[in-house]
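**Q** What follows is work10.txt; its format and atoms are compact mmCIF, C-alpha atoms.
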```
# COMPACT_ATOMS: atom_id res chain seq x y z
CA MET R 1 255.33 54.69 413.03
CA ILE R 2 258.42 53.01 414.39
CA PRO R 3 257.22 49.54 413.24
CA VAL R 4 256.74 50.96 409.72
CA LEU R 5 260.30 52.26 409.79
CA GLY R 6 261.37 48.83 410.99
CA LEU R 7 259.62 47.19 408.03
CA VAL R 8 261.32 49.54 405.59
CA ALA R 9 264.69 48.99 407.28
CA GLY R 10 264.18 45.21 407.05
CA VAL R 11 263.43 45.36 403.33
CA VAL R 12 266.46 47.55 402.71
CA ALA R 13 268.67 45.25 404.81
CA GLY R 14 267.39 42.25 402.86
CA LEU R 15 268.14 43.93 399.57
CA LEU R 16 271.63 44.95 400.73
CA LEU R 17 272.66 41.74 402.47
CA GLN R 18 271.05 39.41 399.91
CA PRO R 19 270.39 36.63 402.42
CA THR R 20 269.82 33.04 401.44
CA VAL R 21 267.14 31.11 403.26
CA PRO R 22 268.50 28.17 405.29
CA VAL R 23 267.27 24.84 404.02
CA TRP R 24 265.55 23.89 407.29
CA LEU R 25 263.58 27.13 407.17
CA GLU R 26 262.52 26.87 403.54
CA PRO R 27 259.17 25.12 403.99
CA TYR R 28 258.07 27.44 406.80
CA LEU R 29 259.23 30.85 405.73
CA PRO R 30 256.61 31.57 403.04
CA ILE R 31 253.70 30.72 405.32
CA ALA R 32 255.34 32.53 408.23
CA VAL R 33 255.75 35.65 406.12
CA ILE R 34 252.09 35.54 405.08
CA ALA R 35 251.04 35.10 408.72
CA ALA R 36 253.24 37.99 409.79
CA LEU R 37 251.77 40.17 407.05
CA ASP R 38 248.34 39.31 408.38
CA ALA R 39 249.44 40.44 411.83
CA VAL R 40 250.84 43.68 410.41
CA PHE R 41 247.65 44.50 408.54
CA GLY R 42 245.66 43.66 411.65
CA GLY R 43 247.91 46.02 413.60
CA VAL R 44 247.41 48.84 411.09
CA ARG R 45 243.68 48.37 411.27
CA ALA R 46 243.77 48.38 415.06
CA ALA R 47 245.84 51.56 415.00
CA LEU R 48 243.22 53.24 412.82
CA ASP R 49 240.52 51.91 415.11
CA GLY R 50 242.38 53.52 417.98
CA ILE R 51 242.77 50.23 419.80
CA PHE R 52 246.37 49.44 418.81
CA ASN R 53 248.31 47.83 421.58
CA ASP R 54 252.00 46.98 421.39
CA ARG R 55 251.64 43.90 423.50
CA VAL R 56 248.72 42.56 421.50
CA PHE R 57 250.57 43.21 418.23
CA VAL R 58 253.74 41.43 419.35
CA ILE R 59 251.86 38.45 420.70
CA SER R 60 249.59 38.15 417.66
CA PHE R 61 252.58 38.50 415.36
CA LEU R 62 254.59 35.79 417.11
CA SER R 63 251.63 33.45 417.55
CA ASN R 64 250.64 33.86 413.90
CA VAL R 65 254.16 32.95 412.77
CA VAL R 66 254.51 30.04 415.18
CA VAL R 67 251.08 28.62 414.40
CA ALA R 68 251.66 28.93 410.67
CA ALA R 69 254.99 27.13 410.92
CA LEU R 70 253.42 24.53 413.17
CA ILE R 71 250.62 23.88 410.70
CA VAL R 72 253.10 23.46 407.86
CA PHE R 73 255.24 21.16 409.98
CA LEU R 74 252.22 19.11 410.98
CA GLY R 75 251.00 18.97 407.40
CA ASN R 76 254.39 17.75 406.19
CA GLN R 77 254.41 15.06 408.88
CA LEU R 78 250.91 13.96 407.88
CA GLY R 79 251.70 14.05 404.18
CA VAL R 80 249.22 16.81 403.45
CA GLY R 81 251.71 19.69 403.69
CA GLY R 82 250.81 21.12 400.30
CA GLN R 83 247.06 21.11 400.88
CA LEU R 84 247.36 22.43 404.42
CA SER R 85 249.70 25.21 403.30
CA THR R 86 247.19 26.19 400.65
CA GLY R 87 244.44 26.25 403.26
CA VAL R 88 246.49 28.42 405.59
CA VAL R 89 247.34 30.82 402.78
CA VAL R 90 243.67 31.06 401.83
CA VAL R 91 242.59 31.79 405.40
CA LEU R 92 245.37 34.34 405.96
CA GLY R 93 244.59 35.90 402.60
CA LEU R 94 240.95 36.29 403.59
CA ARG R 95 242.00 37.93 406.84
CA ILE R 96 244.38 40.28 405.05
CA PHE R 97 241.65 41.23 402.60
CA SER R 98 239.13 41.95 405.34
CA ASN R 99 241.69 43.98 407.30
CA VAL R 100 242.61 45.96 404.21
CA ALA R 101 238.88 46.52 403.59
CA ALA R 102 238.52 47.91 407.10
CA ILE R 103 241.56 50.16 406.62
CA ARG R 104 240.13 51.34 403.31
CA ARG R 105 236.82 52.22 404.96
CA HIS R 106 238.65 54.16 407.64
CA LEU R 107 240.77 56.18 405.26
CA LEU R 108 238.54 56.53 402.20
CA GLY R 109 235.13 55.99 403.74
CA ALA R 110 234.28 53.48 401.05
CA MET W 1 236.66 40.90 411.62
CA GLY W 2 235.32 42.44 408.45
CA SER W 3 233.21 45.08 410.11
CA PRO W 4 234.71 48.41 411.08
CA SER W 5 235.19 49.08 414.71
CA GLY W 6 232.19 50.52 416.46
CA ALA W 7 234.33 52.04 419.19
CA ASP W 8 234.04 55.49 417.78
CA PRO W 9 230.66 56.06 416.15
CA GLY W 10 231.59 59.66 415.36
CA PRO W 11 229.47 62.74 415.54
CA GLY W 12 227.63 62.33 412.28
CA PRO W 13 225.74 59.54 410.53
CA ALA W 14 227.78 56.40 409.82
CA ASP W 15 227.11 56.59 406.08
CA ASP W 16 228.70 60.01 405.75
CA PRO W 17 232.25 59.39 404.59
CA SER W 18 233.67 62.77 405.52
CA THR W 19 232.74 62.39 409.17
CA SER W 20 233.51 58.68 409.66
CA GLN W 21 236.98 59.15 408.18
CA ALA W 22 237.97 61.94 410.49
CA PRO W 23 238.99 59.93 413.59
CA ALA W 24 241.05 57.50 411.50
CA ARG W 25 242.81 60.37 409.76
CA ARG W 26 243.56 61.96 413.10
CA ARG W 27 244.99 58.74 414.47
CA LEU W 28 247.08 58.36 411.30
CA ARG W 29 248.52 61.81 411.91
CA GLU W 30 249.17 60.89 415.52
CA LEU W 31 251.15 57.88 414.33
CA GLY W 32 253.49 60.34 412.66
CA HIS W 33 254.60 61.47 416.12
CA PRO W 34 255.96 58.23 417.54
CA ARG W 35 256.27 57.82 421.21
CA LEU W 36 259.24 55.71 422.02
CA SER W 37 258.24 52.76 424.13
CA GLN W 38 259.47 49.25 424.66
CA GLY W 39 256.44 47.80 422.91
CA GLN W 40 257.00 49.98 419.86
CA LEU W 41 260.62 48.86 419.66
CA VAL W 42 259.70 45.20 419.90
CA ALA W 43 257.06 45.64 417.21
CA ALA W 44 259.59 47.48 415.05
CA THR W 45 262.04 44.62 415.51
CA LEU W 46 259.39 42.14 414.42
CA THR W 47 258.45 44.13 411.34
CA LEU W 48 262.13 44.51 410.55
CA LEU W 49 262.46 40.75 410.65
CA LEU W 50 259.34 40.50 408.52
CA GLY W 51 260.76 42.79 405.84
CA PHE W 52 264.02 40.90 405.88
CA ALA W 53 262.30 37.53 405.60
CA LEU W 54 260.00 38.85 402.90
CA VAL W 55 262.90 39.91 400.72
CA ALA W 56 264.80 36.70 401.42
CA GLN W 57 261.79 34.59 400.46
CA VAL W 58 261.14 36.59 397.30
CA ARG W 59 264.78 36.25 396.30
CA THR W 60 264.75 32.51 396.96
CA THR W 61 261.58 32.05 394.95
CA GLN W 62 263.01 33.99 392.05
CA ALA W 63 266.37 32.23 392.15
CA GLY W 64 265.29 28.64 392.68
CA ASP W 65 263.24 26.74 390.17
CA LEU W 66 263.34 23.28 391.71
CA GLU W 67 264.14 24.21 395.30
CA ASP W 68 260.69 25.46 396.16
CA LEU W 69 258.83 22.54 394.61
CA GLY W 70 257.15 20.03 396.88
CA GLU W 71 258.18 16.42 397.15
CA SER W 72 255.30 15.15 395.05
CA ASP W 73 255.98 17.77 392.40
CA LEU W 74 259.62 16.76 392.29
CA ILE W 75 258.71 13.09 392.00
CA ALA W 76 256.29 13.86 389.18
CA LEU W 77 258.94 15.96 387.49
CA LEU W 78 261.50 13.20 387.90
CA ASP W 79 259.11 10.60 386.50
CA ASP W 80 258.37 12.87 383.59
CA VAL W 81 262.03 13.47 382.83
CA THR W 82 262.87 9.78 383.27
CA SER W 83 260.15 8.58 380.91
CA ARG W 84 261.07 11.27 378.41
CA GLY W 85 264.70 10.18 378.65
CA ASP W 86 263.68 6.56 378.09
CA GLU W 87 261.69 7.54 375.03
CA LEU W 88 264.61 9.49 373.64
CA GLN W 89 266.95 6.60 374.39
CA GLU W 90 264.70 4.25 372.43
CA GLU W 91 264.56 6.73 369.59
CA ILE W 92 268.36 6.95 369.57
CA ALA W 93 268.67 3.17 369.42
CA GLN W 94 266.10 3.02 366.63
CA LEU W 95 267.87 5.70 364.61
CA GLU W 96 271.27 4.12 365.14
CA ALA W 97 269.91 0.80 363.92
CA ASP W 98 268.49 2.56 360.87
CA GLN W 99 271.82 4.25 360.28
CA ARG W 100 273.72 0.97 360.47
CA ARG W 101 271.20 -0.72 358.17
CA LEU W 102 271.39 2.08 355.62
CA GLU W 103 275.16 2.27 355.78
CA GLY W 104 275.37 -1.49 355.36
CA ALA W 105 273.01 -1.48 352.39
CA GLN W 106 274.75 1.50 350.85
CA GLY W 107 278.15 -0.13 351.37
CA ASP W 108 276.92 -3.38 349.84
CA VAL W 109 275.61 -1.60 346.77
CA VAL W 110 278.82 0.37 346.29
CA ALA W 111 280.98 -2.68 346.85
CA ALA W 112 278.86 -4.70 344.44
CA GLU W 113 279.14 -1.98 341.80
CA ALA W 114 282.91 -1.75 342.23
CA ALA W 115 283.24 -5.52 342.11
CA GLN W 116 281.10 -5.67 338.97
CA GLU W 117 283.25 -3.02 337.29
CA ARG W 118 286.44 -4.85 338.18
CA LEU W 119 284.93 -8.11 336.98
CA ASP W 120 283.91 -6.54 333.67
CA SER W 121 287.35 -5.10 332.98
CA TYR W 122 289.05 -8.39 333.96
CA ARG W 123 286.70 -10.31 331.67
CA VAL W 124 287.56 -8.02 328.77
CA LEU W 125 291.27 -8.39 329.49
CA ALA W 126 291.00 -12.14 329.86
CA GLY W 127 288.92 -12.40 326.71
CA THR W 128 286.19 -14.49 328.29
CA VAL W 129 283.31 -12.29 327.11
CA PRO W 130 282.38 -10.99 323.66
CA VAL W 131 282.95 -7.25 323.38
CA GLN W 132 281.70 -4.59 321.05
CA GLY W 133 282.57 -0.99 320.37
CA PRO W 134 284.32 1.28 317.87
CA GLY W 135 287.54 0.13 316.25
CA VAL W 136 289.10 -1.04 313.00
CA THR W 137 288.73 -4.09 310.83
CA LEU W 138 291.75 -5.33 308.87
CA LEU W 139 291.36 -7.61 305.90
CA VAL W 140 294.78 -9.15 305.32
CA SER W 141 295.51 -11.05 302.19
CA ASP W 142 298.79 -12.93 302.03
CA PRO W 143 298.61 -15.09 298.94
CA GLY W 144 302.31 -16.00 298.99
CA ARG W 145 302.26 -17.01 302.66
CA THR W 146 305.19 -14.72 303.13
CA MET W 147 304.10 -13.20 306.44
CA THR W 148 306.41 -14.02 309.29
CA PRO W 149 305.51 -14.42 312.95
CA ILE W 150 307.53 -11.27 313.57
CA MET W 151 305.14 -9.31 311.38
CA MET W 152 302.17 -10.75 313.25
CA VAL W 153 303.73 -9.77 316.57
CA ASP W 154 304.31 -6.31 315.11
CA LEU W 155 300.63 -6.11 314.19
CA ILE W 156 299.55 -7.01 317.72
CA GLN W 157 302.07 -4.63 319.28
CA GLU W 158 301.11 -1.75 317.01
CA LEU W 159 297.43 -2.24 317.75
CA ARG W 160 298.09 -2.36 321.48
CA ASP W 161 300.36 0.64 321.24
CA ALA W 162 297.47 2.51 319.61
CA GLY W 163 295.25 1.65 322.55
CA ALA W 164 293.41 -1.45 321.36
CA GLU W 165 291.46 -2.88 324.25
CA ALA W 166 290.47 -6.15 322.60
CA ILE W 167 291.93 -7.88 319.53
CA GLN W 168 290.74 -10.77 317.44
CA ILE W 169 292.86 -12.30 314.66
CA GLY W 170 291.07 -14.83 312.52
CA SER W 171 289.08 -16.80 315.04
CA VAL W 172 291.51 -16.23 317.89
CA ARG W 173 291.02 -13.78 320.72
CA VAL W 174 294.37 -12.21 321.49
CA VAL W 175 294.97 -12.02 325.23
CA ALA W 176 297.93 -11.61 327.56
CA SER W 177 299.03 -15.19 327.19
CA SER W 178 298.64 -15.29 323.39
CA TRP W 179 301.65 -16.36 321.41
CA VAL W 180 302.57 -16.30 317.74
CA GLY W 181 304.42 -19.03 315.95
CA THR W 182 304.46 -21.26 312.89
CA SER W 183 303.39 -24.79 312.42
CA SER W 184 305.73 -27.44 311.09
CA ASP W 185 304.55 -26.72 307.56
CA ASN W 186 305.32 -23.03 308.03
CA VAL W 187 301.74 -21.86 308.57
CA LEU W 188 301.29 -18.83 310.84
CA MET W 189 299.72 -19.75 314.15
CA VAL W 190 298.27 -17.68 316.98
CA ASP W 191 297.72 -19.58 320.20
CA GLY W 192 298.25 -22.79 318.22
CA ILE W 193 295.52 -22.05 315.69
CA ALA W 194 296.47 -21.66 312.06
CA ILE W 195 295.77 -18.28 310.52
CA THR W 196 295.25 -18.78 306.81
CA SER W 197 295.10 -16.05 304.23
CA PRO W 198 292.95 -14.13 303.75
CA TYR W 199 292.05 -13.41 307.33
CA ARG W 200 290.32 -10.75 309.25
CA ALA W 201 291.60 -8.92 312.31
CA VAL W 202 289.41 -6.76 314.54
CA ALA W 203 290.68 -4.35 317.17
CA ILE W 204 288.41 -2.36 319.47
CA GLY W 205 289.65 0.98 320.67
CA ASP W 206 289.76 4.53 319.34
CA ALA W 207 289.08 3.93 315.64
CA GLN W 208 291.03 6.90 314.27
CA THR W 209 294.10 6.18 316.39
CA LEU W 210 294.07 2.52 315.40
CA ALA W 211 293.64 3.34 311.69
CA GLY W 212 296.43 5.90 311.94
CA ALA W 213 298.70 3.33 313.57
CA MET W 214 298.04 0.95 310.69
CA ALA W 215 298.95 3.65 308.17
CA ILE W 216 302.31 4.53 309.68
CA PRO W 217 305.09 4.26 307.06
CA GLY W 218 307.29 1.27 307.85
CA GLY W 219 304.55 -0.24 309.97
CA PHE W 220 302.51 -3.40 309.60
CA SER W 221 300.71 -2.39 306.39
CA ASP W 222 303.94 -1.34 304.74
CA SER W 223 305.67 -4.61 305.60
CA VAL W 224 302.76 -6.68 304.27
CA ARG W 225 302.73 -4.78 301.04
CA ARG W 226 306.49 -5.23 300.77
CA VAL W 227 305.92 -8.99 300.69
CA ASP W 228 303.18 -8.65 298.01
CA GLY W 229 300.28 -8.90 300.42
CA THR W 230 297.37 -6.46 300.83
CA VAL W 231 295.88 -4.85 303.92
CA ASP W 232 292.49 -3.21 303.84
CA VAL W 233 291.81 -1.08 306.93
CA SER W 234 288.25 0.12 307.62
CA GLU W 235 286.99 1.98 310.66
CA GLY W 236 283.76 0.89 312.30
CA GLU W 237 281.50 2.41 314.93
CA GLU W 238 280.05 -0.77 316.32
CA LEU W 239 282.33 -3.75 315.82
CA THR W 240 281.95 -7.02 317.64
CA ILE W 241 284.63 -9.38 318.86
CA ASP W 242 282.99 -12.71 319.52
CA ALA W 243 286.00 -15.00 319.75
CA LEU W 244 286.58 -16.10 323.31
CA HIS W 245 289.65 -17.19 325.16
CA GLU W 246 289.32 -20.15 327.41
CA PRO W 247 291.12 -19.26 330.62
CA THR W 248 293.24 -21.95 332.17
CA GLU W 249 293.82 -22.51 335.82
CA PRO W 250 297.45 -21.60 336.64
CA ASP W 251 299.35 -24.65 337.84
CA TYR W 252 302.39 -22.94 339.31
CA ALA W 253 301.74 -19.26 339.79
CA ARG W 254 300.07 -18.47 343.08
CA PRO W 255 299.18 -15.02 344.29
CA VAL W 256 301.41 -13.68 347.07
CA PRO W 257 299.22 -13.37 350.17
CA SER W 258 298.22 -9.80 350.78
CA GLU W 259 300.19 -8.01 353.48
CA GLU W 260 297.14 -6.09 354.55
CA SER W 261 294.29 -7.24 356.75
```
Let me see whether you can do it: turn the structure in this file into structure tokens.
**A**
Amino acid sequence: MIPVLGLVAGVVAGLLLQPTVPVWLEPYLPIAVIAALDAVFGGVRAALDGIFNDRVFVISFLSNVVVAALIVFLGNQLGVGGQLSTGVVVVLGLRIFSNVAAIRRHLLGA
Amino acid sequence: MGSPSGADPGPGPADDPSTSQAPARRRLRELGHPRLSQGQLVAATLTLLLGFALVAQVRTTQAGDLEDLGESDLIALLDDVTSRGDELQEEIAQLEADQRRLEGAQGDVVAAEAAQERLDSYRVLAGTVPVQGPGVTLLVSDPGRTMTPIMMVDLIQELRDAGAEAIQIGSVRVVASSWVGTSSDNVLMVDGIAITSPYRAVAIGDAQTLAGAMAIPGGFSDSVRRVDGTVDVSEGEELTIDALHEPTEPDYARPVPSEES
């Protein structure tokens, strides 16, 4: 529950402070946000499964973000940043969809 | 990852929604009573950062149109814009050339027309071309040879005063340099050519005005009649003056150079 409040507080803070993304962060932030969303949905699913663990959530969240940024960085260095970013987004999107499907089955039974 | 957790099979059959949902619903309700722990706070911090970053990214994407494009996209865009600019530049050059050509042609035509008009009016004034138009014809009979050069000058002046644009007396075209005099044997001369009675004079201009000028009491007609001559004035719609004046090159008079240009 507290992480959900944190998410809401973050959105509100973003809306109020109107931050601008630093240039050095621009290539990585979109992928990092997608990866973090994947971690959040995974956490919600784990909570509904009854196996939610703070430590696992924090580590998966951070590792998701770091790995996503690393992949983008590597892709940019190799000249395939666009393609690799697309691949990462596809994979994370699949994971988000499957997690949401699991959540849906838990809550709606369908 | 797609399959639901098998940790809690539940009391009833797995395909019964009402029973399989129950544990998840219970856990959801339990989440409503948070237990404050360090892990929860760290997770909350992370999700707070996530929400913040999410909003920042959305705002950046909405604000920037070129900022979030990749290098290759930007290069393609730049190429596109550059080639489009080149095309437009060529089109501008083409159109400007057209404009200059048209203006030049137009200017030439106008200048040629103006020059032709000036030339025509100068030719008429100089008497180097035959002219035709409405005017009056005078048949002057002077059997006693009593007409004086003064009377002839009066005739020319009265015709010009009435707006005659071209005058012919006998076979002589009257122009700016024309003069009237008498020969040694007292014969009337215009430009050195004897005018012998009867002779014909043609003036081109407004016919009614010219005829009226000839009928003025005390004018040319009156003076001729006073010396026992006759003048017959007739108006004509399409008279022709075919006598020409041979222009001579001026020996002394030179145009003053124009101050302009």
**Q** Using all atoms listed in the file, which protein or nucleic acid residues come within 10 Å of Gly70 in chain W? Drop anything in the same chain fewer than 5 positions from it, and give the result as a list in words.
**A** Pro27, Asn76, Gly81 and Gly82 of chain R; Ile75 and Ala76 of chain W
**Q** To one decimal in Å, tell me the separation between CA of Leu48 in chain W and CA of Ala46 in chain R.
**A** 19.3 Å
**Q** Just the residues within 7 Å of range 40-43 of chain R, please, counting only C-alpha atoms, with nothing from its chain fewer than 4 positions along; format it as JSON, numbers by chain.
**A** {"R": [36, 47, 52, 57, 96, 99, 100]}
**Q** Would you mind telling me which residue in W:Ile204, W:Ala243, W:Met151, W:Leu50 lies nearest to chain R when using all atoms listed in the file?
**A**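 For chain R, the nearest of the given residues is W:Leu50.
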**Q** List as a PyMOL selection string the residues having at least one atom at most 12 Å from position (262.4, 27.8, 405.6) as given in the file, counting all atoms listed in the file.
**A** (chain R and resi 20-33+68-69+72-73) or (chain W and resi 53-54+56-57+60-61+67-68)
**Q** Would you tabulate, counting all atoms listed in the file, all residues of chain R that have an atom at most 9 Å from an atom of chain W, showing the closest pair of atoms and their distance in Å to one decimal, sorted by chain then ascending number, as a Markdown table?
**A**
```
| residue | atom | partner | partner_atom | distance |
| --- | --- | --- | --- | --- |
| R:Met1 | CA | W:Leu31 | CA | 5.4 |
| R:Ile2 | CA | W:Ala44 | CA | 5.7 |
| R:Pro3 | CA | W:Ala44 | CA | 3.6 |
| R:Val4 | CA | W:Ala44 | CA | 7.0 |
| R:Leu5 | CA | W:Ala44 | CA | 7.1 |
| R:Gly6 | CA | W:Leu48 | CA | 4.4 |
| R:Leu7 | CA | W:Leu48 | CA | 4.5 |
| R:Val8 | CA | W:Gly51 | CA | 6.8 |
| R:Ala9 | CA | W:Leu48 | CA | 6.1 |
| R:Gly10 | CA | W:Leu48 | CA | 4.1 |
| R:Val11 | CA | W:Gly51 | CA | 4.5 |
| R:Val12 | CA | W:Phe52 | CA | 7.8 |
| R:Ala13 | CA | W:Phe52 | CA | 6.5 |
| R:Gly14 | CA | W:Phe52 | CA | 4.7 |
| R:Leu15 | CA | W:Val55 | CA | 6.7 |
| R:Gln18 | CA | W:Ala56 | CA | 7.0 |
| R:Pro19 | CA | W:Ala56 | CA | 5.7 |
| R:Thr20 | CA | W:Ala56 | CA | 6.2 |
| R:Val21 | CA | W:Ala56 | CA | 6.3 |
| R:Glu26 | CA | W:Asp68 | CA | 7.7 |
| R:Pro27 | CA | W:Asp68 | CA | 8.0 |
| R:Leu29 | CA | W:Gln57 | CA | 7.0 |
| R:Pro30 | CA | W:Gln57 | CA | 6.5 |
| R:Ala32 | CA | W:Leu50 | CA | 8.9 |
| R:Val33 | CA | W:Leu54 | CA | 6.2 |
| R:Ile34 | CA | W:Leu54 | CA | 8.8 |
| R:Ala36 | CA | W:Leu50 | CA | 6.7 |
| R:Leu37 | CA | W:Leu50 | CA | 7.7 |
| R:Val40 | CA | W:Thr47 | CA | 7.7 |
| R:Arg45 | CA | W:Pro4 | CA | 9.0 |
| R:Ala46 | CA | W:Ser5 | CA | 8.6 |
| R:Ala47 | CA | W:Arg27 | CA | 7.2 |
| R:Leu48 | CA | W:Ala24 | CA | 5.0 |
| R:Asp49 | CA | W:Ser5 | CA | 6.0 |
| R:Gly50 | CA | W:Arg27 | CA | 6.8 |
| R:Ile51 | CA | W:Ala7 | CA | 8.7 |
| R:Asn53 | CA | W:Gly39 | CA | 8.2 |
| R:Asp54 | CA | W:Gly39 | CA | 4.8 |
| R:Arg55 | CA | W:Gly39 | CA | 6.2 |
| R:Phe57 | CA | W:Ala43 | CA | 7.0 |
| R:Val58 | CA | W:Ala43 | CA | 5.8 |
| R:Phe61 | CA | W:Leu46 | CA | 7.8 |
| R:Leu62 | CA | W:Leu46 | CA | 8.4 |
| R:Gly81 | CA | W:Gly70 | CA | 8.7 |
| R:Gly82 | CA | W:Gly70 | CA | 7.3 |
| R:Arg95 | CA | W:Met1 | CA | 7.8 |
| R:Phe97 | CA | W:Gly2 | CA | 8.7 |
| R:Ser98 | CA | W:Gly2 | CA | 4.9 |
| R:Asn99 | CA | W:Gly2 | CA | 6.7 |
| R:Ala101 | CA | W:Gly2 | CA | 7.3 |
| R:Ala102 | CA | W:Pro4 | CA | 5.5 |
| R:Ile103 | CA | W:Pro4 | CA | 8.4 |
| R:Arg105 | CA | W:Pro4 | CA | 7.5 |
| R:His106 | CA | W:Gln21 | CA | 5.3 |
| R:Leu107 | CA | W:Gln21 | CA | 5.6 |
| R:Leu108 | CA | W:Gln21 | CA | 6.7 |
| R:Gly109 | CA | W:Pro17 | CA | 4.5 |
| R:Ala110 | CA | W:Pro17 | CA | 7.2 |
```
**Q** Rounded to one decimal, what separation in Å do you get between CA of Ser171 in chain W and CA of Gln132 in chain W?
**A**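 Separation of CA of Ser171 in chain W and CA of Gln132 in chain W: 15.5 Å.
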**Q** Please measure the separation of CA of Arg84 in chain W and CA of Gly79 in chain R, giving the value in Å to one decimal.
**A**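 Separation between CA of Arg84 in chain W and CA of Gly79 in chain R: 27.6 Å.
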**Q** Would you pick out the contacts of Gly192 in chain W at 9 Å or less, using all atoms listed in the file, so that residues sharing its chain but fewer than 4 positions from it are not included, and give the list as a PyMOL selection string?
**A** chain W and resi 179-183+188
**Q** Applying 8 Å and only C-alpha atoms, which residues near Ile193 in chain W remain after dropping the ones on its own chain fewer than 3 positions away? List them as a count of residues only.
**A** 3
**Q** From the list W:Gly135, W:Gly229, W:Gly144, W:Pro247, which residue is nearest Ala162 in chain W when using all atoms listed in the file?
**A** W:Gly135
**Q** Skipping near chain neighbours, those fewer than 6 positions away, what residues fall within 8 Å of Thr230 in chain W using all atoms listed in the file, listed as a VMD selection string?
**A** chain W and resid 139 to 142 221 224
**Q** Of the residues W:Gln168, W:Gln62, W:Ser197, W:Gln157, which is the one nearest to Val231 in chain W, using only C-alpha atoms?
**A**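 Ranked by minimum distance to Val231 in chain W, first place goes to W:Ser197.
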